[in-house]
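S.K.: So here's model_37.pdb (PDB, C-alpha atoms).
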```pdb
ATOM      1  CA  CYS S  20      11.406  15.383  -4.342  1.00  0.00           C
ATOM      2  CA  VAL S  21       9.531  15.990  -1.062  1.00  0.00           C
ATOM      3  CA  PHE S  22       6.298  17.978  -0.784  1.00  0.00           C
ATOM      4  CA  GLN S  23       5.253  20.240   2.105  1.00  0.00           C
ATOM      5  CA  PRO S  24       1.779  21.622   1.284  1.00  0.00           C
ATOM      6  CA  PRO S  25      -0.027  24.287   3.302  1.00  0.00           C
ATOM      7  CA  TYR S  26      -2.164  22.635   5.962  1.00  0.00           C
ATOM      8  CA  PRO S  27      -5.891  23.082   5.156  1.00  0.00           C
ATOM      9  CA  LYS S  28      -7.194  24.594   8.383  1.00  0.00           C
ATOM     10  CA  GLY S  29     -10.895  24.499   9.201  1.00  0.00           C
ATOM     11  CA  GLY S  30     -11.527  20.826   8.506  1.00  0.00           C
ATOM     12  CA  THR S  31     -13.813  21.531   5.550  1.00  0.00           C
ATOM     13  CA  SER S  32     -14.069  19.783   2.199  1.00  0.00           C
ATOM     14  CA  GLU S  33     -13.395  23.130   0.495  1.00  0.00           C
ATOM     15  CA  ALA S  34     -10.127  23.572   2.385  1.00  0.00           C
ATOM     16  CA  ALA S  35      -9.107  19.990   1.612  1.00  0.00           C
ATOM     17  CA  LEU S  36      -9.839  20.512  -2.082  1.00  0.00           C
ATOM     18  CA  SER S  37      -7.690  23.655  -2.099  1.00  0.00           C
ATOM     19  CA  CYS S  38      -4.797  21.626  -0.671  1.00  0.00           C
ATOM     20  CA  LEU S  39      -5.236  18.956  -3.361  1.00  0.00           C
ATOM     21  CA  GLN S  40      -5.152  21.688  -5.997  1.00  0.00           C
ATOM     22  CA  TRP S  41      -1.894  23.035  -4.551  1.00  0.00           C
ATOM     23  CA  MET S  42      -0.283  19.590  -4.743  1.00  0.00           C
ATOM     24  CA  GLN S  43      -1.603  19.064  -8.250  1.00  0.00           C
ATOM     25  CA  GLY S  44      -0.184  22.412  -9.345  1.00  0.00           C
ATOM     26  CA  GLN S  45       3.263  21.442  -8.016  1.00  0.00           C
ATOM     27  CA  LEU S  46       3.100  18.021  -9.671  1.00  0.00           C
ATOM     28  CA  ASP S  47       2.009  19.543 -12.989  1.00  0.00           C
ATOM     29  CA  VAL S  48       5.240  21.528 -13.379  1.00  0.00           C
ATOM     30  CA  LEU S  49       7.575  18.581 -12.752  1.00  0.00           C
ATOM     31  CA  GLN S  50       9.293  17.183 -15.817  1.00  0.00           C
ATOM     32  CA  PRO S  51      10.458  13.637 -16.656  1.00  0.00           C
ATOM     33  CA  GLY S  52      14.043  12.916 -15.690  1.00  0.00           C
ATOM     34  CA  GLU S  53      14.134  15.528 -12.905  1.00  0.00           C
ATOM     35  CA  GLN S  54      13.373  13.065 -10.092  1.00  0.00           C
ATOM     36  CA  ASP S  55      13.302   9.340  -9.345  1.00  0.00           C
ATOM     37  CA  LEU S  56      11.107   9.567  -6.232  1.00  0.00           C
ATOM     38  CA  ILE S  57       8.342  11.902  -5.051  1.00  0.00           C
ATOM     39  CA  VAL S  58       7.002  11.736  -1.488  1.00  0.00           C
ATOM     40  CA  LEU S  59       3.640  13.259  -0.498  1.00  0.00           C
ATOM     41  CA  PRO S  60       2.411  13.618   3.089  1.00  0.00           C
ATOM     42  CA  GLU S  61       0.017  11.583   5.215  1.00  0.00           C
ATOM     43  CA  TYR S  62      -3.711  11.968   4.421  1.00  0.00           C
ATOM     44  CA  ALA S  63      -2.763  13.476   1.050  1.00  0.00           C
ATOM     45  CA  ASN S  64      -6.115  12.468  -0.495  1.00  0.00           C
ATOM     46  CA  VAL S  65      -8.154  13.821   2.461  1.00  0.00           C
ATOM     47  CA  PRO S  66      -6.012  16.558   4.049  1.00  0.00           C
ATOM     48  CA  GLY S  67      -7.262  18.314   7.171  1.00  0.00           C
ATOM     49  CA  LEU S  68     -10.529  16.392   7.513  1.00  0.00           C
ATOM     50  CA  ASN S  69     -11.306  15.386  11.102  1.00  0.00           C
ATOM     51  CA  ASP S  70     -14.783  13.863  10.852  1.00  0.00           C
ATOM     52  CA  ALA S  71     -15.159  10.218   9.784  1.00  0.00           C
ATOM     53  CA  ALA S  72     -18.223  10.722   7.577  1.00  0.00           C
ATOM     54  CA  THR S  73     -16.764  13.782   5.825  1.00  0.00           C
ATOM     55  CA  LEU S  74     -13.387  12.074   5.386  1.00  0.00           C
ATOM     56  CA  GLN S  75     -14.894   8.927   3.885  1.00  0.00           C
ATOM     57  CA  ALA S  76     -17.195  10.834   1.523  1.00  0.00           C
ATOM     58  CA  PHE S  77     -14.308  13.026   0.340  1.00  0.00           C
ATOM     59  CA  ALA S  78     -12.055   9.986  -0.145  1.00  0.00           C
ATOM     60  CA  GLU S  79     -14.687   8.384  -2.379  1.00  0.00           C
ATOM     61  CA  ASP S  80     -15.088  11.548  -4.481  1.00  0.00           C
ATOM     62  CA  ALA S  81     -12.351  14.196  -4.877  1.00  0.00           C
ATOM     63  CA  GLY S  82      -9.861  12.031  -3.001  1.00  0.00           C
ATOM     64  CA  ARG S  83     -10.346   9.145  -5.409  1.00  0.00           C
ATOM     65  CA  GLU S  84      -9.820  11.476  -8.358  1.00  0.00           C
ATOM     66  CA  PHE S  85      -6.607  12.783  -6.805  1.00  0.00           C
ATOM     67  CA  VAL S  86      -5.233   9.270  -6.277  1.00  0.00           C
ATOM     68  CA  ALA S  87      -5.963   8.472  -9.949  1.00  0.00           C
ATOM     69  CA  TYR S  88      -4.246  11.715 -10.950  1.00  0.00           C
ATOM     70  CA  VAL S  89      -1.139  10.799  -8.895  1.00  0.00           C
ATOM     71  CA  ALA S  90      -1.028   7.433 -10.673  1.00  0.00           C
ATOM     72  CA  ASP S  91      -1.120   9.241 -14.031  1.00  0.00           C
ATOM     73  CA  VAL S  92       1.677  11.589 -12.926  1.00  0.00           C
ATOM     74  CA  SER S  93       3.895   8.635 -12.000  1.00  0.00           C
ATOM     75  CA  ALA S  94       3.435   7.369 -15.562  1.00  0.00           C
ATOM     76  CA  ARG S  95       4.107  10.782 -17.122  1.00  0.00           C
ATOM     77  CA  LEU S  96       7.245  11.311 -15.073  1.00  0.00           C
ATOM     78  CA  SER S  97       8.409   7.678 -15.145  1.00  0.00           C
ATOM     79  CA  CYS S  98       9.180   7.815 -11.433  1.00  0.00           C
ATOM     80  CA  LEU S  99       8.111   6.358  -8.120  1.00  0.00           C
ATOM     81  CA  ILE S 100       5.505   8.292  -6.102  1.00  0.00           C
ATOM     82  CA  ALA S 101       4.703   7.440  -2.484  1.00  0.00           C
ATOM     83  CA  MET S 102       1.697   9.156  -0.923  1.00  0.00           C
ATOM     84  CA  GLY S 103      -0.097   8.826   2.381  1.00  0.00           C
ATOM     85  CA  GLY S 104      -3.861   8.498   2.205  1.00  0.00           C
ATOM     86  CA  VAL S 105      -6.915   6.686   3.460  1.00  0.00           C
ATOM     87  CA  ALA S 106      -8.648   3.883   1.601  1.00  0.00           C
ATOM     88  CA  LYS S 107     -11.406   1.372   2.199  1.00  0.00           C
ATOM     89  CA  THR S 108      -9.996  -2.165   2.333  1.00  0.00           C
ATOM     90  CA  GLY S 109     -11.390  -5.579   3.140  1.00  0.00           C
ATOM     91  CA  VAL S 110     -11.141  -4.869   6.875  1.00  0.00           C
ATOM     92  CA  GLY S 111     -12.450  -1.285   6.831  1.00  0.00           C
ATOM     93  CA  TRP S 112     -10.934   2.176   6.361  1.00  0.00           C
ATOM     94  CA  GLN S 113      -7.161   2.275   6.761  1.00  0.00           C
ATOM     95  CA  ASN S 114      -4.351   4.814   6.774  1.00  0.00           C
ATOM     96  CA  GLN S 115      -2.142   3.736   3.884  1.00  0.00           C
ATOM     97  CA  VAL S 116       0.999   4.574   2.013  1.00  0.00           C
ATOM     98  CA  MET S 117       0.293   3.999  -1.673  1.00  0.00           C
ATOM     99  CA  VAL S 118       3.263   3.544  -4.000  1.00  0.00           C
ATOM    100  CA  PHE S 119       2.796   4.147  -7.728  1.00  0.00           C
ATOM    101  CA  GLU S 120       5.041   3.479 -10.672  1.00  0.00           C
ATOM    102  CA  ALA S 121       3.428   4.143 -14.060  1.00  0.00           C
ATOM    103  CA  GLN S 122       0.356   2.051 -13.280  1.00  0.00           C
ATOM    104  CA  LYS S 123      -3.271   2.813 -12.421  1.00  0.00           C
ATOM    105  CA  THR S 124      -3.112   0.779  -9.227  1.00  0.00           C
ATOM    106  CA  PRO S 125      -0.465   0.919  -6.474  1.00  0.00           C
ATOM    107  CA  ILE S 126       2.450  -1.475  -6.796  1.00  0.00           C
ATOM    108  CA  TYR S 127       2.750  -1.539  -2.995  1.00  0.00           C
ATOM    109  CA  LEU S 128       0.580  -0.662   0.015  1.00  0.00           C
ATOM    110  CA  TYR S 129       1.597  -0.182   3.636  1.00  0.00           C
ATOM    111  CA  ASN S 130      -1.151   0.072   6.262  1.00  0.00           C
ATOM    112  CA  LYS S 131      -0.129   2.216   9.235  1.00  0.00           C
ATOM    113  CA  VAL S 132       0.447   0.002  12.292  1.00  0.00           C
ATOM    114  CA  HIS S 133       0.401   2.545  15.120  1.00  0.00           C
ATOM    115  CA  LEU S 134      -2.815   4.582  15.114  1.00  0.00           C
ATOM    116  CA  THR S 135      -3.526   7.490  17.441  1.00  0.00           C
ATOM    117  CA  ASN S 136      -6.679   7.446  19.567  1.00  0.00           C
ATOM    118  CA  VAL S 137      -8.250  10.003  17.233  1.00  0.00           C
ATOM    119  CA  GLU S 138      -7.627   7.741  14.245  1.00  0.00           C
ATOM    120  CA  SER S 139      -8.991   4.578  15.827  1.00  0.00           C
ATOM    121  CA  GLN S 140     -11.899   6.139  17.733  1.00  0.00           C
ATOM    122  CA  GLN S 141     -12.907   9.310  15.916  1.00  0.00           C
ATOM    123  CA  LEU S 142     -11.946   8.436  12.332  1.00  0.00           C
ATOM    124  CA  GLN S 143     -12.752   4.721  12.798  1.00  0.00           C
ATOM    125  CA  LEU S 144      -9.587   3.536  11.075  1.00  0.00           C
ATOM    126  CA  VAL S 145      -8.278  -0.031  11.324  1.00  0.00           C
ATOM    127  CA  PRO S 146      -4.546  -0.558  12.015  1.00  0.00           C
ATOM    128  CA  GLY S 147      -2.237  -2.614   9.851  1.00  0.00           C
ATOM    129  CA  ASN S 148      -0.267  -5.491  11.345  1.00  0.00           C
ATOM    130  CA  GLU S 149       2.858  -5.863   9.190  1.00  0.00           C
ATOM    131  CA  VAL S 150       6.187  -4.059   8.995  1.00  0.00           C
ATOM    132  CA  GLY S 151       6.279  -2.145   5.723  1.00  0.00           C
ATOM    133  CA  VAL S 152       9.146  -3.255   3.448  1.00  0.00           C
ATOM    134  CA  PHE S 153       9.251  -2.989  -0.345  1.00  0.00           C
ATOM    135  CA  ASP S 154      12.036  -3.784  -2.844  1.00  0.00           C
ATOM    136  CA  TRP S 155      12.400  -1.641  -5.964  1.00  0.00           C
ATOM    137  CA  GLN S 156      15.284  -1.695  -8.449  1.00  0.00           C
ATOM    138  CA  GLY S 157      17.701  -3.094  -5.884  1.00  0.00           C
ATOM    139  CA  ILE S 158      16.671  -0.579  -3.192  1.00  0.00           C
ATOM    140  CA  ARG S 159      14.828  -1.715  -0.078  1.00  0.00           C
ATOM    141  CA  PHE S 160      12.278   0.806   1.202  1.00  0.00           C
ATOM    142  CA  GLY S 161      10.772   0.767   4.657  1.00  0.00           C
ATOM    143  CA  PHE S 162       7.654   2.697   5.645  1.00  0.00           C
ATOM    144  CA  ALA S 163       6.710   4.515   8.839  1.00  0.00           C
ATOM    145  CA  VAL S 164       3.725   6.856   8.988  1.00  0.00           C
ATOM    146  CA  CYS S 165       3.611   9.721  11.507  1.00  0.00           C
ATOM    147  CA  PHE S 166       2.866   8.063  14.888  1.00  0.00           C
ATOM    148  CA  ASP S 167       4.970   5.029  13.837  1.00  0.00           C
ATOM    149  CA  MET S 168       7.986   7.324  14.309  1.00  0.00           C
ATOM    150  CA  TYR S 169       7.621   7.235  18.098  1.00  0.00           C
ATOM    151  CA  PHE S 170       8.056   3.455  18.384  1.00  0.00           C
ATOM    152  CA  SER S 171      11.719   2.500  18.417  1.00  0.00           C
ATOM    153  CA  ALA S 172      10.909  -1.230  18.347  1.00  0.00           C
ATOM    154  CA  TYR S 173       9.196  -0.755  14.989  1.00  0.00           C
ATOM    155  CA  PHE S 174      12.404   0.777  13.616  1.00  0.00           C
ATOM    156  CA  GLU S 175      14.393  -2.107  15.065  1.00  0.00           C
ATOM    157  CA  ALA S 176      12.154  -4.358  12.977  1.00  0.00           C
ATOM    158  CA  LEU S 177      12.838  -2.236   9.888  1.00  0.00           C
ATOM    159  CA  ALA S 178      16.577  -2.451  10.604  1.00  0.00           C
ATOM    160  CA  LYS S 179      16.384  -6.247  10.691  1.00  0.00           C
ATOM    161  CA  HIS S 180      15.013  -6.087   7.140  1.00  0.00           C
ATOM    162  CA  ASP S 181      18.123  -4.112   6.040  1.00  0.00           C
ATOM    163  CA  VAL S 182      16.172  -1.176   4.623  1.00  0.00           C
ATOM    164  CA  ASP S 183      18.050   1.476   2.649  1.00  0.00           C
ATOM    165  CA  VAL S 184      15.434   4.250   2.796  1.00  0.00           C
ATOM    166  CA  VAL S 185      12.504   4.811   5.181  1.00  0.00           C
ATOM    167  CA  LEU S 186       9.617   6.857   3.764  1.00  0.00           C
ATOM    168  CA  CYS S 187       7.674   8.741   6.436  1.00  0.00           C
ATOM    169  CA  PRO S 188       4.527  10.593   5.358  1.00  0.00           C
ATOM    170  CA  GLY S 189       3.407  12.545   8.403  1.00  0.00           C
ATOM    171  CA  TYR S 190       1.026  14.961  10.126  1.00  0.00           C
ATOM    172  CA  GLN S 191       2.528  15.656  13.597  1.00  0.00           C
ATOM    173  CA  ARG S 192       0.673  18.987  13.537  1.00  0.00           C
ATOM    174  CA  SER S 193       1.390  19.912  17.154  1.00  0.00           C
ATOM    175  CA  GLU S 194       4.890  18.452  17.516  1.00  0.00           C
ATOM    176  CA  SER S 195       7.794  20.846  17.845  1.00  0.00           C
ATOM    177  CA  GLY S 196      10.237  21.203  14.998  1.00  0.00           C
ATOM    178  CA  ASP S 197      13.153  20.364  17.258  1.00  0.00           C
ATOM    179  CA  ARG S 198      11.590  17.074  18.296  1.00  0.00           C
ATOM    180  CA  ILE S 199      10.684  16.173  14.705  1.00  0.00           C
ATOM    181  CA  ARG S 200      14.317  16.689  13.697  1.00  0.00           C
ATOM    182  CA  LEU S 201      15.559  14.743  16.715  1.00  0.00           C
ATOM    183  CA  LEU S 202      13.243  11.801  16.032  1.00  0.00           C
ATOM    184  CA  SER S 203      14.080  11.733  12.322  1.00  0.00           C
ATOM    185  CA  GLY S 204      17.826  11.778  12.889  1.00  0.00           C
ATOM    186  CA  ALA S 205      17.624   9.136  15.608  1.00  0.00           C
ATOM    187  CA  ARG S 206      15.486   6.823  13.463  1.00  0.00           C
ATOM    188  CA  ALA S 207      17.932   7.196  10.572  1.00  0.00           C
ATOM    189  CA  LEU S 208      20.747   6.202  12.916  1.00  0.00           C
ATOM    190  CA  ASP S 209      18.631   3.335  14.338  1.00  0.00           C
ATOM    191  CA  THR S 210      18.061   1.837  10.904  1.00  0.00           C
ATOM    192  CA  GLY S 211      21.261   2.866   9.145  1.00  0.00           C
ATOM    193  CA  ALA S 212      18.983   4.230   6.422  1.00  0.00           C
ATOM    194  CA  TYR S 213      17.891   7.517   4.923  1.00  0.00           C
ATOM    195  CA  VAL S 214      14.688   8.883   6.464  1.00  0.00           C
ATOM    196  CA  ILE S 215      12.508  10.931   4.101  1.00  0.00           C
ATOM    197  CA  ARG S 216       9.659  12.782   5.789  1.00  0.00           C
ATOM    198  CA  SER S 217       6.847  14.693   4.056  1.00  0.00           C
ATOM    199  CA  SER S 218       4.327  16.694   6.075  1.00  0.00           C
ATOM    200  CA  TYR S 219       2.344  19.963   6.111  1.00  0.00           C
ATOM    201  CA  ALA S 220       3.368  23.548   6.780  1.00  0.00           C
ATOM    202  CA  MET S 221       1.161  24.599   9.690  1.00  0.00           C
ATOM    203  CA  GLY S 222       1.728  28.349   9.384  1.00  0.00           C
ATOM    204  CA  THR S 223       2.975  28.340  12.973  1.00  0.00           C
ATOM    205  CA  PRO S 224       6.725  28.550  13.646  1.00  0.00           C
ATOM    206  CA  GLN S 225       8.135  25.516  15.453  1.00  0.00           C
ATOM    207  CA  LYS S 226       4.962  23.467  15.147  1.00  0.00           C
ATOM    208  CA  GLY S 227       4.613  20.724  12.560  1.00  0.00           C
ATOM    209  CA  GLY S 228       6.181  21.131   9.136  1.00  0.00           C
ATOM    210  CA  HIS S 229       9.822  20.027   8.821  1.00  0.00           C
ATOM    211  CA  SER S 230       9.570  17.829   5.783  1.00  0.00           C
ATOM    212  CA  LEU S 231      13.153  16.647   5.594  1.00  0.00           C
ATOM    213  CA  VAL S 232      15.775  14.096   4.641  1.00  0.00           C
ATOM    214  CA  ALA S 233      18.003  12.554   7.312  1.00  0.00           C
ATOM    215  CA  TRP S 234      21.243  10.813   6.334  1.00  0.00           C
ATOM    216  CA  PRO S 235      22.079   7.319   7.710  1.00  0.00           C
ATOM    217  CA  ASN S 236      24.485   8.966  10.171  1.00  0.00           C
ATOM    218  CA  GLY S 237      21.630  10.959  11.720  1.00  0.00           C
ATOM    219  CA  ASP S 238      22.438  14.312  10.080  1.00  0.00           C
ATOM    220  CA  ILE S 239      19.539  16.351   8.680  1.00  0.00           C
ATOM    221  CA  VAL S 240      20.720  17.363   5.217  1.00  0.00           C
ATOM    222  CA  VAL S 241      17.682  19.267   3.955  1.00  0.00           C
ATOM    223  CA  ASP S 242      14.716  20.616   5.906  1.00  0.00           C
ATOM    224  CA  ALA S 243      11.689  22.618   4.725  1.00  0.00           C
ATOM    225  CA  ALA S 244      11.226  24.014   8.265  1.00  0.00           C
ATOM    226  CA  ASP S 245       7.833  25.764   8.372  1.00  0.00           C
ATOM    227  CA  ALA S 246       7.804  26.906   4.727  1.00  0.00           C
ATOM    228  CA  VAL S 247       5.277  25.817   2.115  1.00  0.00           C
ATOM    229  CA  GLY S 248       7.029  24.284  -0.861  1.00  0.00           C
ATOM    230  CA  VAL S 249       8.905  21.394  -2.433  1.00  0.00           C
ATOM    231  CA  ILE S 250      12.416  20.323  -1.433  1.00  0.00           C
ATOM    232  CA  ARG S 251      14.874  18.314  -3.503  1.00  0.00           C
ATOM    233  CA  VAL S 252      17.994  16.375  -2.649  1.00  0.00           C
ATOM    234  CA  ASP S 253      20.222  13.810  -4.358  1.00  0.00           C
ATOM    235  CA  ILE S 254      20.988  10.687  -2.334  1.00  0.00           C
ATOM    236  CA  ASP S 255      22.750   7.395  -2.929  1.00  0.00           C
ATOM    237  CA  PRO S 256      20.491   4.824  -1.208  1.00  0.00           C
ATOM    238  CA  ARG S 257      23.359   2.338  -1.027  1.00  0.00           C
ATOM    239  CA  GLU S 258      25.621   4.712   0.897  1.00  0.00           C
ATOM    240  CA  LYS S 259      25.976   3.589   4.523  1.00  0.00           C
ATOM    241  CA  PHE S 260      27.352   5.190   7.665  1.00  0.00           C
ATOM    242  CA  MET S 261      30.778   3.736   8.424  1.00  0.00           C
ATOM    243  CA  LYS S 262      32.515   4.176  11.785  1.00  0.00           C
ATOM    244  CA  PRO S 263      35.356   2.543  13.737  1.00  0.00           C
ATOM    245  CA  ALA S 264      34.274  -0.683  15.431  1.00  0.00           C
ATOM    246  CA  SER S 265      35.946   0.824  18.509  1.00  0.00           C
ATOM    247  CA  HIS S 266      38.820   3.237  19.075  1.00  0.00           C
ATOM    248  CA  GLY S 267      41.684   2.469  16.732  1.00  0.00           C
ATOM    249  CA  GLN S 268      39.841  -0.383  15.008  1.00  0.00           C
ATOM    250  CA  ASP S 269      38.766  -0.804  11.380  1.00  0.00           C
ATOM    251  CA  GLU S 270      35.599   0.880  10.169  1.00  0.00           C
ATOM    252  CA  VAL S 271      32.392  -1.121   9.987  1.00  0.00           C
ATOM    253  CA  GLU S 272      28.885  -0.286   8.801  1.00  0.00           C
ATOM    254  CA  HIS S 273      27.052   1.218  11.790  1.00  0.00           C
ATOM    255  CA  ARG S 274      23.963  -0.996  11.552  1.00  0.00           C
ATOM    256  CA  ALA S 275      26.099  -4.146  11.381  1.00  0.00           C
ATOM    257  CA  LEU S 276      28.004  -2.990  14.458  1.00  0.00           C
TER     258      LEU S 276
END
```
Write out the structure in this file as structure tokens.

M.R.:
Amino acid sequence: CVFQPPYPKGGTSEAALSCLQWMQGQLDVLQPGEQDLIVLPEYANVPGLNDAATLQAFAEDAGREFVAYVADVSARLSCLIAMGGVAKTGVGWQNQVMVFEAQKTPIYLYNKVHLTNVESQQLQLVPGNEVGVFDWQGIRFGFAVCFDMYFSAYFEALAKHDVDVVLCPGYQRSESGDRIRLLSGARALDTGAYVIRSSYAMGTPQKGGHSLVAWPNGDIVVDAADAVGVIRVDIDPREKFMKPASHGQDEVEHRAL
């Protein structure tokens, strides 16, 4: 279950709060047993905020309440929820993916490795330094947040960890839809894994948006395009892309080849 909220334009706390309320409204109507995994976008606890002081103050107030609410929802729905957000850690403020499963605190955290100049300079965020890999119920998840998507070597590292699914909370507010689809399909093929991307509807055709799911063979099987909403898809995380080792030869799993 992949969310694509409306992007809160204006960079104000009021606009960010409205976006949180939209996500909360969508989460409120979900019922137990309808989904195993929910993915929310990058900066989900501080959406649209571009000033470091405003972002940090919001994260400590309404953003903190939203994170606690998401933890409660994971318990109510008995499912995994992965959300992008910012949090203050021992090294400073970081861009994180927080993974919840029926507990008040995250069961896994990934700190975004590749920060944009705006993140490191304007928002004063500190990069992570580890490839994000997390095992859950026999499924191996990898993590790549927004700008991470542009670094093929990072996905080579994920592939070496034999990930089954890569979760990609994103912003990419000015990127074209065609390039988002191209990157997502290529990274799925690179890793031999599903790529699940959650981002924001920008209200501008062919810019941003495109929350989607890419199959391990690179096909995009569901895509929110530029529409506000929630998309759903059933996947088998253990399903791999098989192809002939070469013409006329037996099939082999693409990543192994």

S.K.: Between CA of Arg274 in chain S and CA of Val150 in chain S, what is the distance, to one decimal in Å?

M.R.: 18.2 Å

S.K.: In Å, how far is it from CA of Ala176 in chain S to CA of Ser203 in chain S?

M.R.: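 One can read the CA of Ala176 in chain S to CA of Ser203 in chain S distance as 16.2 Å.
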
S.K.: Do a neighbour search on range 34-48 of chain S at 7 Å with only C-alpha atoms, toss out local chain neighbours closer than 4 positions, and write the hits as number ranges by chain.

M.R.: S: 24-25, 27-30, 65-67

S.K.: Give as a list in words each residue that has an atom at most 7 Å from (4.8, 23.3, 9.0) in the file, counting all atoms listed in the file.

M.R.: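 The distance filter leaves exactly Tyr219, Ala220, Met221, Gly222, Thr223, Lys226, Gly227, Gly228, His229, Ala244, Asp245 and Ala246 of chain S.
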
S.K.: Which is closer to Gln23 in chain S than all the others in S:Cys98, S:Gly161, S:Ala63, S:His133, using only C-alpha atoms?

M.R.: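 Nearest candidate to Gln23 in chain S out of S:Cys98, S:Gly161, S:Ala63, S:His133: S:Ala63.
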